[in-house]
$ cat my_file_24.csv   # CSV, C-alpha atoms
chain,number,residue,atom,x,y,z
N,1,MET,CA,7.8,8.4,-18.5
N,2,MET,CA,7.0,9.0,-14.8
N,3,ARG,CA,4.1,11.2,-15.6
N,4,ARG,CA,2.6,8.4,-17.8
N,5,GLN,CA,2.9,6.0,-14.9
N,6,LEU,CA,1.3,8.4,-12.5
N,7,ALA,CA,-1.5,9.0,-14.9
N,8,CYS,CA,-2.1,5.3,-15.3
N,9,LEU,CA,-2.1,4.8,-11.6
N,10,ALA,CA,-4.5,7.7,-11.2
N,11,ALA,CA,-6.8,6.3,-13.9
N,12,PHE,CA,-6.7,2.9,-12.2
N,13,ALA,CA,-7.4,4.3,-8.8
N,14,ILE,CA,-10.4,6.3,-10.1
N,15,GLY,CA,-11.7,3.2,-11.9
N,16,ALA,CA,-11.2,1.0,-8.9
N,17,GLY,CA,-12.9,3.6,-6.7
N,18,ALA,CA,-15.9,3.6,-9.1
N,19,CYS,CA,-16.7,0.1,-7.8
N,20,PRO,CA,-18.5,0.6,-4.4
N,21,ALA,CA,-18.3,-3.1,-3.6
N,22,SER,CA,-14.5,-3.1,-3.6
N,23,ALA,CA,-13.3,-3.6,-0.1
N,24,ASN,CA,-9.7,-4.0,-1.2
N,25,PRO,CA,-7.5,-1.3,0.4
N,26,PHE,CA,-4.7,-2.3,-2.0
N,27,SER,CA,-6.7,-1.0,-4.9
N,28,ASP,CA,-6.1,2.6,-3.6
N,29,PHE,CA,-2.5,3.2,-4.7
N,30,ALA,CA,-2.3,6.8,-3.4
N,31,ALA,CA,-0.4,5.9,-0.3
N,32,PHE,CA,1.8,3.2,-1.8
N,33,PRO,CA,4.6,5.3,-3.4
N,34,SER,CA,5.6,6.5,0.1
N,35,PHE,CA,6.5,2.9,0.9
N,36,TYR,CA,8.9,2.4,-2.1
N,37,THR,CA,12.2,3.9,-3.0
N,38,ASP,CA,11.5,4.1,-6.8
N,39,ALA,CA,8.6,5.3,-9.0
N,40,THR,CA,8.1,1.8,-10.4
N,41,MET,CA,7.3,0.6,-6.8
N,42,LYS,CA,9.6,-2.4,-7.2
N,43,THR,CA,12.0,-1.6,-4.3
N,44,MET,CA,10.5,-1.4,-0.8
N,45,LYS,CA,12.0,1.1,1.6
N,46,PRO,CA,14.1,-0.2,4.6
N,47,MET,CA,12.0,-0.8,7.7
N,48,ALA,CA,12.8,2.7,9.2
N,49,GLY,CA,11.5,4.5,6.1
N,50,PHE,CA,8.6,2.0,5.9
N,51,LYS,CA,7.7,2.7,9.5
N,52,ASN,CA,7.7,6.4,8.9
N,53,ALA,CA,5.4,6.0,5.9
N,54,TRP,CA,3.1,3.6,7.9
N,55,PHE,CA,2.6,6.1,10.7
N,56,ALA,CA,2.0,8.9,8.2
N,57,LEU,CA,-1.2,7.1,7.2
N,58,SER,CA,-4.4,7.7,9.0
N,59,LYS,CA,-5.3,5.2,11.7
N,60,HIS,CA,-8.3,4.2,9.6
N,61,ASP,CA,-6.1,3.3,6.7
N,62,ARG,CA,-3.6,1.4,8.9
N,63,VAL,CA,-6.5,-0.7,10.3
N,64,LYS,CA,-7.8,-1.4,6.8
N,65,MET,CA,-4.3,-2.4,5.5
N,66,THR,CA,-3.7,-4.6,8.6
N,67,LYS,CA,-7.0,-6.4,8.1
N,68,ALA,CA,-6.2,-7.0,4.4
N,69,CYS,CA,-2.7,-8.2,5.3
N,70,ASN,CA,-4.2,-10.8,7.7
N,71,ASP,CA,-6.4,-12.2,4.9
N,72,PRO,CA,-4.2,-14.6,2.9
N,73,ALA,CA,-6.3,-14.1,-0.3
N,74,MET,CA,-5.9,-10.3,-0.1
N,75,SER,CA,-2.2,-10.2,0.9
N,76,LYS,CA,-1.0,-12.8,-1.6
N,77,HIS,CA,0.0,-10.2,-4.2
N,78,HIS,CA,1.5,-7.8,-1.7
N,79,ALA,CA,3.5,-10.3,0.4
N,80,GLN,CA,6.6,-8.0,0.9
N,81,PHE,CA,4.4,-5.1,2.0
N,82,CYS,CA,2.3,-7.2,4.3
N,83,ALA,CA,5.3,-8.8,5.9
N,84,LYS,CA,6.5,-5.4,7.0
N,85,VAL,CA,3.0,-4.4,8.1
N,86,LEU,CA,2.7,-7.5,10.2
N,87,ALA,CA,6.3,-7.1,11.5
N,88,LEU,CA,5.2,-3.8,12.9
N,89,GLY,CA,2.5,-5.8,14.7
N,90,GLY,CA,-0.1,-4.1,12.6
N,91,ALA,CA,0.6,-1.1,14.9
N,92,ASN,CA,-2.2,1.4,14.9
$ encode --input "my_file_24.csv" --output "structure tokens"
Amino acid sequence: MMRRQLACLAAFAIGAGACPASANPFSDFAAFPSFYTDATMKTMKPMAGFKNAWFALSKHDRVKMTKACNDPAMSKHHAQFCAKVLALGGAN
């Protein structure tokens, strides 16, 4: 079951990456699992774990995510994630 989910996520990420006009950092799901406690990515880690995952990202990726979270249209579907990013002050 988990392998199928990972395969679907990988296929989606490859497909989303094929669109060069895509400026949506949320379309790259490679980093997202580290922010969640479960494989279905339904339960966000507590702030301490989230913060560790956040600082494990490259500075470039943190900047992209912070910019996306500051855009209401982009962050709408990732409200819980963005709330934690912005609570960290978008720390880079």
$ residues_around --input "my_file_24.csv" --residues "Lys42 in chain N" --least-positions-apart "3" --cutoff "12 Å" --atoms "only C-alpha atoms" --output "MDAnalysis selection string"
chainID N and resid 32:33 35:39 45 78 80:81
$ atom_distance --input "my_file_24.csv" --atom1 "CA of Asn24 in chain N" --atom2 "CA of Lys51 in chain N"
21.5 Å
$ atom_distance --input "my_file_24.csv" --atom1 "CA of Val63 in chain N" --atom2 "CA of Thr40 in chain N"
25.5 Å
$ closest_residue --input "my_file_24.csv" --among "N:Ala53, N:Gly89, N:Met41, N:Met47" --to "Lys67 in chain N" --atoms "only C-alpha atoms"
N:Gly89
$ residues_around --input "my_file_24.csv" --residues "Trp54 in chain N" --least-positions-apart "3" --cutoff "9 Å" --atoms "only C-alpha atoms" --output "ChimeraX atom specification"
/N:34-35,49-51,57-58,62,85,91
$ atom_distance --input "my_file_24.csv" --atom1 "CA of Met65 in chain N" --atom2 "CA of Ser27 in chain N"
10.8 Å
